[in-house]
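Working notes for the structure below.
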Amino acid sequence: MRGQLDPQSSMFHYFSPESRVPADHPLRRVKKLADRALAAISADLNALYSSVGRPSIPPERLLKGQLLIALYSIRSDRQFCEQLDYNILFR
């Protein structure tokens, strides 16, 4: 007997990116190393920013993005932003 297609049953799937990336993936280790290095220079980065005005994107996030761009040979920031939408690994 042929099954019936129910278009609503699987319309949305909610999952954590953590559950989709293998625990032993090399990028997890790189992230830990990057977090540790960025935490060490966090005070220096804070000193570079004003305490008034509109808040910026955290420099740690920008530097991690640049690291992903270098590791995955992404040609431009624009292409990286597009890849962020598709690649769960980058999340």
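In the structure tokens, chains take letters A, B, ... by order of appearance, with residues numbered from 1 within each chain and ligands from 1 in the order shown.
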For this session: as a ChimeraX atom specification, please: all residues of chain A that backbone DSSP puts in helix (DSSP H, G or I).
Result: /A:17-20,26-40,42-47,59-71,77-86,88-90
Exercise. Near A:Leu68, within 10 Å and counting only C-alpha atoms, which residues show up once chain neighbours fewer than 2 positions away are dropped, as a list in words?
Worked result: Leu27, Val30, Lys31, Leu62, Leu63, Lys64, Gly65, Gln66, Ala70, Leu71, Tyr72, Ser73, Ile74, Phe80 and Phe90 of chain A
Problem set entry | Interatomic distance, atom CA of A:Asp24 to atom CA of A:Ile57 (Å, one decimal) |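 These atoms are spaced 29.4 Å apart.
Taking atom CA of A:Lys32 and atom CA of A:Ser51 as endpoints, the distance between them is 28.4 Å.
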Exercise. Could you name the residues that touch stretch 81-88 of chain A at 9 Å or less, counting only C-alpha atoms, but leaving out those on the same chain fewer than 3 positions away, as number ranges by chain?
Worked result: A: 17-18, 20-21, 74, 76-78, 91
Limited to C-alpha atoms, could you put the picked residues into a file as a CSV table (one decimal), in the first residue's frame?
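Dumped to result10.csv:
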chain,number,residue,atom,x,y,z
A,17,PRO,CA,23.6,22.9,15.6
A,18,GLU,CA,25.6,21.2,18.4
A,20,ARG,CA,24.5,18.0,14.1
A,21,VAL,CA,28.3,18.5,14.3
A,74,ILE,CA,36.2,31.6,1.3
A,76,SER,CA,35.1,37.2,0.3
A,77,ASP,CA,33.2,38.5,3.3
A,78,ARG,CA,30.0,38.5,1.2
A,91,ARG,CA,27.2,28.1,13.7
Exercise. Got a sec: who's within 12 Å of A:Ser19, counting only C-alpha atoms, leaving out chain neighbours fewer than 4 positions off, as a ChimeraX atom specification?
Worked result: /A:14-15,23,25,88-89,91
I need the chosen residues saved as an mmCIF file, in the first residue's frame, with C-alpha atoms.
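Result saved to again-v9.cif:
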data_model
loop_
_atom_site.group_PDB
_atom_site.id
_atom_site.type_symbol
_atom_site.label_atom_id
_atom_site.label_comp_id
_atom_site.auth_asym_id
_atom_site.auth_seq_id
_atom_site.Cartn_x
_atom_site.Cartn_y
_atom_site.Cartn_z
ATOM 1 C CA TYR A 14 14.028 22.244 15.169
ATOM 2 C CA PHE A 15 17.451 21.045 16.194
ATOM 3 C CA ALA A 23 31.878 15.697 18.798
ATOM 4 C CA HIS A 25 35.159 17.406 14.484
ATOM 5 C CA ILE A 88 25.527 24.488 10.078
ATOM 6 C CA LEU A 89 29.166 23.822 10.924
ATOM 7 C CA ARG A 91 27.163 28.102 13.662
#
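Comparing the minimum interatomic distances between A:Asp35 and each of A:His13, A:Arg54, A:Arg61, A:Pro22, counting only C-alpha atoms, we find that A:Arg61 sits nearest.
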